[in-house]
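Have a look at run.csv below; it lists CSV, C-alpha atoms and all ligand atoms.
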chain,number,residue,atom,x,y,z
A,1,MET,CA,109.8,130.4,229.7
A,2,GLU,CA,107.2,132.4,227.8
A,3,GLN,CA,107.5,136.2,227.7
A,4,ILE,CA,104.4,138.3,227.2
A,5,ARG,CA,104.3,142.1,226.7
A,6,LEU,CA,101.3,143.8,228.1
A,7,ASN,CA,100.1,147.4,228.0
A,8,THR,CA,97.0,149.4,228.8
A,9,THR,CA,95.7,148.8,225.3
A,10,ASN,CA,96.3,145.1,224.7
A,11,ILE,CA,95.3,144.0,228.2
A,12,ALA,CA,91.7,144.9,227.3
A,13,THR,CA,91.6,142.2,224.5
A,14,PHE,CA,94.0,139.8,226.1
A,15,SER,CA,92.7,136.3,226.3
A,16,GLY,CA,93.9,132.8,226.5
A,17,ALA,CA,95.7,132.9,229.8
A,18,LYS,CA,95.5,129.7,231.8
A,19,PRO,CA,94.9,130.0,235.5
A,20,CYS,CA,98.2,130.7,237.3
A,21,VAL,CA,100.0,131.6,240.5
A,22,LEU,CA,101.3,135.1,240.0
A,23,ALA,CA,104.3,136.8,241.8
A,24,LEU,CA,104.4,140.6,241.8
A,25,GLY,CA,107.2,143.2,241.9
A,26,PHE,CA,109.8,144.9,239.7
A,27,PHE,CA,112.5,142.4,240.7
A,28,ASP,CA,115.6,144.4,239.6
A,29,GLY,CA,118.6,142.1,240.2
A,30,VAL,CA,116.4,139.2,241.2
A,31,HIS,CA,118.2,139.2,244.5
A,32,ARG,CA,117.9,136.7,247.4
A,33,GLY,CA,114.8,138.6,248.8
A,34,HIS,CA,113.1,138.4,245.3
A,35,GLN,CA,114.2,134.7,245.1
A,36,ARG,CA,112.2,134.0,248.3
A,37,VAL,CA,109.1,135.5,246.8
A,38,ILE,CA,109.5,133.5,243.6
A,39,ALA,CA,110.3,130.3,245.5
A,40,MET,CA,107.2,130.7,247.6
A,41,ALA,CA,105.1,131.3,244.5
A,42,LYS,CA,106.8,128.2,242.8
A,43,GLN,CA,106.0,126.0,245.8
A,44,LEU,CA,102.3,127.1,245.6
A,45,ALA,CA,102.2,126.6,241.9
A,46,VAL,CA,103.6,123.1,242.1
A,47,ALA,CA,101.2,122.2,244.9
A,48,ARG,CA,98.2,123.5,242.8
A,49,LYS,CA,99.6,122.1,239.5
A,50,LEU,CA,99.4,125.6,238.0
A,51,PRO,CA,102.0,127.5,235.9
A,52,LEU,CA,104.1,130.1,237.7
A,53,ALA,CA,103.8,133.6,236.3
A,54,VAL,CA,105.7,136.7,237.3
A,55,MET,CA,104.7,140.3,236.5
A,56,THR,CA,107.4,142.9,236.0
A,57,PHE,CA,107.6,146.2,234.2
A,58,ASP,CA,109.7,147.2,231.1
A,59,GLN,CA,111.1,150.2,233.0
A,60,HIS,CA,111.4,151.3,236.6
A,61,ALA,CA,108.7,153.6,237.9
A,62,SER,CA,111.3,156.3,238.7
A,63,GLN,CA,111.9,156.6,234.9
A,64,VAL,CA,108.4,157.8,234.3
A,65,PHE,CA,108.4,160.7,236.8
A,66,ALA,CA,111.2,163.2,236.2
A,67,SER,CA,113.2,164.0,239.4
A,68,PRO,CA,116.9,164.3,240.3
A,69,ALA,CA,116.6,160.8,241.7
A,70,SER,CA,115.3,159.4,238.4
A,71,ALA,CA,118.3,160.8,236.5
A,72,ARG,CA,120.6,159.0,239.0
A,73,PHE,CA,118.8,155.7,238.9
A,74,ARG,CA,120.7,152.7,237.6
A,75,TYR,CA,119.5,149.2,236.9
A,76,LEU,CA,121.0,146.0,238.3
A,77,THR,CA,119.7,143.8,235.5
A,78,THR,CA,118.6,144.3,231.9
A,79,LEU,CA,115.3,142.6,231.0
A,80,THR,CA,117.2,139.8,229.2
A,81,GLN,CA,119.3,139.1,232.3
A,82,LYS,CA,116.2,139.2,234.6
A,83,ALA,CA,114.3,136.8,232.3
A,84,ALA,CA,117.3,134.4,232.2
A,85,ILE,CA,117.4,134.3,236.1
A,86,MET,CA,113.6,133.9,236.3
A,87,ALA,CA,113.7,131.0,233.9
A,88,GLN,CA,116.4,129.3,236.1
A,89,LEU,CA,114.1,129.8,239.1
A,90,GLY,CA,111.3,127.8,237.3
A,91,VAL,CA,109.1,130.7,236.2
A,92,ASP,CA,106.9,129.5,233.3
A,93,ARG,CA,105.6,132.9,232.1
A,94,LEU,CA,107.0,136.4,232.4
A,95,TYR,CA,104.5,139.3,232.0
A,96,VAL,CA,106.3,142.5,231.1
A,97,VAL,CA,103.9,145.4,231.5
A,98,HIS,CA,104.7,148.7,229.8
A,99,PHE,CA,105.1,151.1,232.7
A,100,ASP,CA,104.1,154.5,231.5
A,101,ALA,CA,102.1,157.4,232.9
A,102,ALA,CA,98.8,155.8,231.9
A,103,PHE,CA,99.6,152.6,233.7
A,104,ALA,CA,100.9,154.4,236.7
A,105,SER,CA,97.7,156.3,237.0
A,106,LEU,CA,95.6,153.2,237.4
A,107,ALA,CA,93.7,153.0,240.7
A,108,PRO,CA,94.5,150.0,242.9
A,109,ALA,CA,91.1,148.4,242.2
A,110,ALA,CA,91.4,148.9,238.4
A,111,PHE,CA,94.9,147.1,238.5
A,112,VAL,CA,93.4,144.2,240.4
A,113,THR,CA,90.4,143.8,238.1
A,114,ASP,CA,91.9,144.7,234.8
A,115,TYR,CA,95.2,142.9,235.2
A,116,LEU,CA,95.3,140.3,238.1
A,117,VAL,CA,91.8,139.0,237.5
A,118,LYS,CA,92.1,139.3,233.7
A,119,LEU,CA,95.3,137.2,233.8
A,120,ARG,CA,93.4,134.5,235.8
A,121,ALA,CA,95.7,134.6,238.8
A,122,CYS,CA,94.3,132.1,241.4
A,123,GLN,CA,96.9,133.0,243.9
A,124,VAL,CA,99.0,136.2,244.0
A,125,VAL,CA,102.3,136.3,245.9
A,126,ALA,CA,104.1,139.5,246.9
A,127,GLY,CA,106.6,140.6,249.5
A,128,PHE,CA,105.7,142.4,252.7
A,129,ASP,CA,106.4,145.9,251.2
A,130,TYR,CA,104.9,145.5,247.7
A,131,THR,CA,103.1,148.6,246.6
A,132,PHE,CA,100.8,149.2,243.6
A,133,GLY,CA,98.3,151.6,242.0
A,134,GLN,CA,98.4,155.3,241.4
A,135,GLY,CA,101.2,157.0,243.4
A,136,GLY,CA,102.4,153.5,244.5
A,137,ARG,CA,100.1,154.0,247.4
A,138,ALA,CA,98.3,150.6,248.0
A,139,GLY,CA,100.0,147.8,249.9
A,140,VAL,CA,99.6,144.1,250.5
A,141,GLN,CA,96.6,144.6,252.9
A,142,ALA,CA,94.8,146.5,250.2
A,143,LEU,CA,95.7,143.7,247.8
A,144,THR,CA,94.0,141.1,250.0
A,145,HIS,CA,91.0,143.3,250.5
A,146,LEU,CA,90.6,144.2,246.8
A,147,ALA,CA,90.9,140.5,245.8
A,148,ALA,CA,87.4,140.1,247.2
A,149,LYS,CA,87.8,136.3,247.2
A,150,ARG,CA,88.5,136.3,243.4
A,151,PHE,CA,92.1,135.1,244.2
A,152,GLU,CA,94.1,134.2,247.3
A,153,THR,CA,97.0,136.3,248.4
A,154,THR,CA,100.2,135.2,250.1
A,155,VAL,CA,102.6,137.7,251.6
A,156,VAL,CA,106.3,136.8,252.0
A,157,SER,CA,107.9,138.2,255.2
A,158,GLU,CA,111.1,140.4,255.1
A,159,TYR,CA,114.3,138.5,254.3
A,160,GLN,CA,117.2,140.3,255.9
A,161,GLN,CA,121.0,140.1,256.0
A,162,GLY,CA,122.9,141.9,258.7
A,163,CYS,CA,119.6,143.1,260.3
A,164,GLN,CA,118.7,145.0,257.1
A,165,LYS,CA,116.4,144.2,254.3
A,166,ILE,CA,118.0,142.7,251.2
A,167,SER,CA,116.9,145.2,248.6
A,168,SER,CA,117.8,146.4,245.1
A,169,THR,CA,118.6,149.8,246.4
A,170,ARG,CA,121.1,148.4,248.9
A,171,ILE,CA,122.8,146.3,246.2
A,172,ARG,CA,123.1,149.3,243.8
A,173,GLN,CA,124.9,151.2,246.6
A,174,LEU,CA,127.3,148.3,247.1
A,175,VAL,CA,128.1,148.0,243.4
A,176,ALA,CA,128.5,151.8,243.1
A,177,THR,CA,131.0,151.8,245.9
A,178,GLY,CA,132.9,148.9,244.4
A,179,LYS,CA,131.8,146.3,247.1
A,180,LEU,CA,131.2,143.6,244.5
A,181,GLU,CA,131.7,140.7,246.9
A,182,ALA,CA,129.1,142.0,249.3
A,183,ALA,CA,126.7,142.8,246.4
A,184,GLU,CA,127.0,139.3,245.1
A,185,ALA,CA,126.3,137.8,248.5
A,186,LEU,CA,122.9,139.6,248.5
A,187,LEU,CA,122.2,138.9,244.9
A,188,GLY,CA,122.9,135.2,245.2
A,189,HIS,CA,124.5,135.2,241.7
A,190,PRO,CA,127.3,137.0,239.9
A,191,TYR,CA,126.8,140.7,239.0
A,192,GLN,CA,126.9,141.1,235.2
A,193,VAL,CA,126.8,144.1,233.0
A,194,ALA,CA,125.7,144.0,229.4
A,195,PHE,CA,127.8,146.2,227.0
A,196,THR,CA,127.1,147.0,223.4
A,197,ALA,CA,129.1,148.8,220.7
A,198,LEU,CA,128.5,152.5,220.2
A,199,GLY,CA,130.9,153.6,217.5
A,200,LYS,CA,134.3,152.6,218.7
A,201,ASP,CA,133.2,152.3,222.3
A,202,LEU,CA,131.5,149.7,224.4
A,203,VAL,CA,128.7,151.2,226.6
A,204,PRO,CA,126.1,149.6,228.9
A,205,VAL,CA,123.0,148.4,226.9
A,206,ILE,CA,120.8,150.2,229.4
A,207,ALA,CA,121.7,152.5,232.4
A,208,GLN,CA,123.2,149.7,234.5
A,209,GLN,CA,124.9,150.3,237.8
A,210,LEU,CA,128.7,150.2,237.3
A,211,PRO,CA,131.4,150.0,240.0
A,212,PRO,CA,133.7,153.1,240.3
A,213,ALA,CA,135.9,154.0,237.4
A,214,GLY,CA,139.2,152.1,237.3
A,215,PHE,CA,140.7,148.9,236.3
A,216,TRP,CA,138.8,145.7,237.0
A,217,GLN,CA,139.3,142.0,236.6
A,218,ALA,CA,136.3,140.7,234.6
A,219,THR,CA,135.1,137.5,233.0
A,220,THR,CA,133.2,137.6,229.7
A,221,ALA,CA,130.2,135.4,229.0
A,222,THR,CA,132.5,133.0,227.0
A,223,GLY,CA,134.7,132.6,230.1
A,224,GLU,CA,137.6,134.8,228.9
A,225,GLN,CA,139.5,136.5,231.8
A,226,VAL,CA,140.1,140.2,230.9
A,227,LEU,CA,141.4,143.3,232.5
A,228,VAL,CA,139.0,146.2,231.7
A,229,HIS,CA,139.1,149.9,232.2
A,230,LEU,CA,135.8,151.4,233.3
A,231,VAL,CA,135.6,155.1,232.7
A,232,ASP,CA,132.7,157.5,232.2
A,233,GLN,CA,130.1,154.8,231.5
A,234,ARG,CA,132.4,153.2,228.9
A,235,VAL,CA,134.5,150.0,229.1
A,236,TYR,CA,137.9,149.6,227.4
A,237,GLY,CA,139.9,146.4,227.0
A,238,LEU,CA,137.3,144.3,225.2
A,239,ALA,CA,136.9,143.4,221.6
A,240,ALA,CA,133.8,145.3,220.4
A,241,ALA,CA,131.5,142.6,219.1
A,242,GLY,CA,127.7,142.6,219.8
A,243,ILE,CA,126.6,142.4,223.3
A,244,VAL,CA,129.3,141.5,225.8
A,245,GLN,CA,128.1,140.2,229.2
A,246,LEU,CA,130.7,141.0,231.7
A,247,ARG,CA,131.1,139.6,235.2
A,248,ILE,CA,133.2,142.2,237.1
A,249,ASP,CA,135.2,140.5,239.8
A,250,GLN,CA,135.9,141.9,243.3
A,251,ALA,CA,139.7,142.1,242.7
A,252,GLN,CA,140.3,145.7,241.6
A,253,ILE,CA,143.7,146.5,240.1
A,254,VAL,CA,144.4,149.6,242.2
A,255,GLN,CA,147.4,150.8,240.3
A,256,ALA,CA,146.6,152.4,236.9
A,257,PHE,CA,149.0,151.6,234.1
A,258,GLY,CA,151.4,154.2,232.7
B,1,LIG,C1,99.0,149.9,238.7
B,1,LIG,C2,100.3,150.4,239.3
B,1,LIG,C3,100.4,151.8,239.4
B,1,LIG,C4,101.6,152.4,239.9
B,1,LIG,N1,101.7,153.7,240.0
B,1,LIG,C5,102.9,154.2,240.5
B,1,LIG,C6,103.0,155.7,240.6
B,1,LIG,O1,102.1,156.4,240.2
B,1,LIG,N2,104.2,156.1,241.1
B,1,LIG,C7,105.2,155.3,241.5
B,1,LIG,O2,106.2,155.8,241.9
B,1,LIG,N3,105.1,154.0,241.4
B,1,LIG,C8,103.9,153.4,240.9
B,1,LIG,N4,103.8,152.1,240.8
B,1,LIG,C9,105.0,151.3,241.1
B,1,LIG,C10,105.1,150.6,242.5
B,1,LIG,O3,104.3,151.1,243.4
B,1,LIG,C11,106.6,150.6,243.0
B,1,LIG,O4,106.9,151.8,243.5
B,1,LIG,C12,107.6,150.3,241.9
B,1,LIG,O5,107.4,148.9,241.5
B,1,LIG,C13,109.0,150.6,242.4
B,1,LIG,O6,109.6,149.4,242.9
B,1,LIG,P1,111.0,149.3,243.6
B,1,LIG,O7,110.6,148.9,245.1
B,1,LIG,O8,111.7,148.3,242.9
B,1,LIG,O9,111.6,150.7,243.6
B,1,LIG,C14,102.7,151.5,240.4
B,1,LIG,C15,102.5,150.1,240.3
B,1,LIG,C16,101.4,149.6,239.8
B,1,LIG,C17,101.2,148.1,239.7
B,2,LIG,N1,114.1,141.3,251.3
B,2,LIG,C1,112.9,141.0,250.9
B,2,LIG,N2,112.2,140.1,251.6
B,2,LIG,C2,110.9,139.7,251.2
B,2,LIG,N3,110.4,140.2,250.1
B,2,LIG,C3,111.0,141.1,249.3
B,2,LIG,C4,112.4,141.5,249.7
B,2,LIG,N4,112.8,142.4,248.8
B,2,LIG,C5,111.8,142.6,247.9
B,2,LIG,N5,110.7,141.8,248.2
B,2,LIG,C6,109.5,141.6,247.4
B,2,LIG,O1,109.9,141.3,246.1
B,2,LIG,C7,109.0,141.9,245.2
B,2,LIG,C8,109.8,142.8,244.2
B,2,LIG,O2,110.4,143.8,245.0
B,2,LIG,P1,110.9,145.2,244.4
B,2,LIG,O3,111.0,145.1,243.0
B,2,LIG,O4,110.2,146.3,245.0
B,2,LIG,O5,112.4,145.2,245.0
B,2,LIG,P2,113.1,145.8,246.2
B,2,LIG,O6,114.4,145.1,246.4
B,2,LIG,O7,112.1,145.9,247.4
B,2,LIG,O8,113.4,147.3,245.7
B,2,LIG,P3,113.7,148.7,246.5
B,2,LIG,O9,115.2,148.6,246.8
B,2,LIG,O10,113.4,149.7,245.5
B,2,LIG,O11,112.8,148.7,247.7
B,2,LIG,C9,108.0,142.7,246.0
B,2,LIG,O12,106.8,141.9,246.1
B,2,LIG,C10,108.7,142.9,247.3
B,2,LIG,O13,107.8,143.2,248.4

Please lay out the structure from this file as structure tokens.
Ligand SMILES: Cc1cc2nc3c(=O)[nH]c(=O)nc-3n(C[C@H](O)[C@H](O)[C@H](O)COP(=O)(O)O)c2cc1C
Ligand SMILES: Nc1ncnc2c1ncn2[C@@H]1O[C@H](COP(=O)(O)OP(=O)(O)OP(=O)(O)O)[C@@H](O)[C@H]1O
Amino acid sequence: MEQIRLNTTNIATFSGAKPCVLALGFFDGVHRGHQRVIAMAKQLAVARKLPLAVMTFDQHASQVFASPASARFRYLTTLTQKAAIMAQLGVDRLYVVHFDAAFASLAPAAFVTDYLVKLRACQVVAGFDYTFGQGGRAGVQALTHLAAKRFETTVVSEYQQGCQKISSTRIRQLVATGKLEAAEALLGHPYQVAFTALGKDLVPVIAQQLPPAGFWQATTATGEQVLVHLVDQRVYGLAAAGIVQLRIDQAQIVQAFG
């Protein structure tokens, strides 16, 4: 899978994109709702013999606008994890747009013309609640209208579990309260956190959602079973070596040692 960084400057001179089917969203966690959107886009891409592209951002919109909610925000996936899952789902090209104040201030029509048309999207696929443009105000109806026959749009209906939308927000809450099994049922894949060395400590590579502090059974990327101690955004019980991908299992060791 090809990964292409875009921003408000390089998009102006961007060329060479082949026509594609393009799926839109931030896709934090690439959960089972997101997987529906990507699967629909893949099906259309295969039928039209076009590559499948996905557009995401390099950071969540909440990180650009200071508020108490933005300080509390935690990611489900790093960009590396997101890209790996996308590649498994058959995505050919991942556009990673630099989300900053300049990009956020684009009017919906400018986003459609300067990005979607420029990237030669023949068919754009988004979920029922996709929003875009300044203030995150425009929705999928506006997308179809603004396409003005330059591309087709496909809207994926809401995928629910337990009469509720499967969403990144819902999964973050499940992880935060230690309900790893329920979180993984909505994700459709194991929940993994990437840790890196900071001095003598291992800390999350980005502000990733952690389960509550305590002792957790975990599996490293190399398949080693470990007992780790999560405390104050740090993990203890692992050898500090580069980036450690950790799958935190449901079974919490309730009794602290000593
Ligand atoms: C061109 C463009 C401009 C956007 N401007 C804003 C904005 O001003 N404020 C905002 O909160 N989100 C903005 N967004 C982001 C989305 O509307 C959406 O809120 C964001 O992807 C959050 O997704 P979530 O559902 O994962 O929380 C913009 C998106 C695009 C494509
Ligand atoms: N359960 C779902 N069913 C169908 N489409 C979905 C579902 N969840 C997300 N989508 C679509 O997937 C794309 C990416 O969604 P987005 O990044 O906003 O995640 P989200 O789970 O909706 O996040 P949030 O919890 O912030 O609402 C969007 O086009 C969105 O409409």

Contact table region 102-219 of chain A vs region 69-75 of chain A, cut-off 10 Å, shortest pair per residue, all atoms listed in the file, as a Markdown table:
| residue | atom | partner | partner_atom | distance |
| --- | --- | --- | --- | --- |
| A:Ser168 | CA | A:Tyr75 | CA | 8.8 |
| A:Thr169 | CA | A:Arg74 | CA | 9.5 |
| A:Arg172 | CA | A:Arg74 | CA | 7.5 |
| A:Ala176 | CA | A:Arg74 | CA | 9.6 |
| A:Val193 | CA | A:Tyr75 | CA | 9.7 |
| A:Ile206 | CA | A:Tyr75 | CA | 7.7 |
| A:Ala207 | CA | A:Arg74 | CA | 5.3 |
| A:Gln208 | CA | A:Tyr75 | CA | 4.4 |
| A:Gln209 | CA | A:Arg74 | CA | 4.8 |
| A:Leu210 | CA | A:Arg74 | CA | 8.4 |

Residues within 9 Å of ligand LIG 2 (chain B) (all atoms listed in the file), as a CSV table (one decimal) with C-alpha atoms, in the frame of the given file?
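Contents of selection-v7.csv, freshly written:
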chain,number,residue,atom,x,y,z
A,23,ALA,CA,104.3,136.8,241.8
A,24,LEU,CA,104.4,140.6,241.8
A,25,GLY,CA,107.2,143.2,241.9
A,26,PHE,CA,109.8,144.9,239.7
A,27,PHE,CA,112.5,142.4,240.7
A,28,ASP,CA,115.6,144.4,239.6
A,29,GLY,CA,118.6,142.1,240.2
A,30,VAL,CA,116.4,139.2,241.2
A,31,HIS,CA,118.2,139.2,244.5
A,32,ARG,CA,117.9,136.7,247.4
A,33,GLY,CA,114.8,138.6,248.8
A,34,HIS,CA,113.1,138.4,245.3
A,35,GLN,CA,114.2,134.7,245.1
A,36,ARG,CA,112.2,134.0,248.3
A,37,VAL,CA,109.1,135.5,246.8
A,38,ILE,CA,109.5,133.5,243.6
A,56,THR,CA,107.4,142.9,236.0
A,60,HIS,CA,111.4,151.3,236.6
A,125,VAL,CA,102.3,136.3,245.9
A,126,ALA,CA,104.1,139.5,246.9
A,127,GLY,CA,106.6,140.6,249.5
A,128,PHE,CA,105.7,142.4,252.7
A,129,ASP,CA,106.4,145.9,251.2
A,130,TYR,CA,104.9,145.5,247.7
A,131,THR,CA,103.1,148.6,246.6
A,140,VAL,CA,99.6,144.1,250.5
A,155,VAL,CA,102.6,137.7,251.6
A,156,VAL,CA,106.3,136.8,252.0
A,157,SER,CA,107.9,138.2,255.2
A,158,GLU,CA,111.1,140.4,255.1
A,159,TYR,CA,114.3,138.5,254.3
A,160,GLN,CA,117.2,140.3,255.9
A,161,GLN,CA,121.0,140.1,256.0
A,164,GLN,CA,118.7,145.0,257.1
A,165,LYS,CA,116.4,144.2,254.3
A,166,ILE,CA,118.0,142.7,251.2
A,167,SER,CA,116.9,145.2,248.6
A,168,SER,CA,117.8,146.4,245.1
A,169,THR,CA,118.6,149.8,246.4
A,170,ARG,CA,121.1,148.4,248.9
A,171,ILE,CA,122.8,146.3,246.2
A,172,ARG,CA,123.1,149.3,243.8

Task: Selected residue, from A:Tyr236, A:Tyr191, A:Phe151, A:Phe132, that lies nearest to ligand LIG 1 (chain B) when counting all atoms listed in the file - done: A:Phe132

Task: Neighbours of point (92.8, 143.4, 227.1) within 12 Å, using all atoms listed in the file, written as an MDAnalysis selection string - done: chainID A and resid 5:17 113:119

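For the residues A:Gln3, A:Leu44, A:Thr80, A:Gly136, ranking by smallest atom-to-atom distance to ligand LIG 1 (chain B) using all atoms listed in the file places A:Gly136 first.
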
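Separating CA of Pro211 (chain A) from CA of Leu227 (chain A) is a distance of 14.2 Å.
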
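The space between CA of Ala47 (chain A) and CA of Ala121 (chain A) spans 14.9 Å.
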
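Closest approach to Asp58 (chain A) among A:Val235, A:Ile4, A:Cys20, A:Val124 is made by A:Ile4 (distances from all atoms listed in the file).
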
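Atom pair CA of Asp201 (chain A) / CA of Ala218 (chain A) has a distance of 17.2 Å (rounded to one decimal).
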
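Of the listed residues (A:Gln88, A:Gln59, A:Ser105, A:Gln43), A:Ser105 comes nearest to ligand LIG 1 (chain B); the distances count all atoms listed in the file.
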
Task: Radius query 6 Å about (109.0, 130.2, 231.7), atoms used: only C-alpha atoms, as a ChimeraX atom specification - done: /A:1-2,87,91-93

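Once Ala109 (chain A) and its same-chain neighbours fewer than 6 positions away are set aside, A:Tyr115, A:Leu116, A:Val117, A:Phe132, A:Gly133, A:Gln134, A:Arg137, A:Ala138, A:Gly139, A:Ala142, A:Leu143, A:Thr144, A:His145, A:Leu146, A:Ala147, A:Ala148 remain within 12 Å of it when counting only C-alpha atoms.
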
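With all atoms listed in the file as the atoms that count, the minimum distance from ligand LIG 1 (chain B) to the choices A:Leu106, A:Ala41, A:Leu246, A:Val226 is reached by A:Leu106.
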
Task: Counting all atoms listed in the file, the residue of A:His98, A:Val231, A:Leu180, A:Thr78 that sits nearest ligand LIG 1 (chain B) - done: A:His98
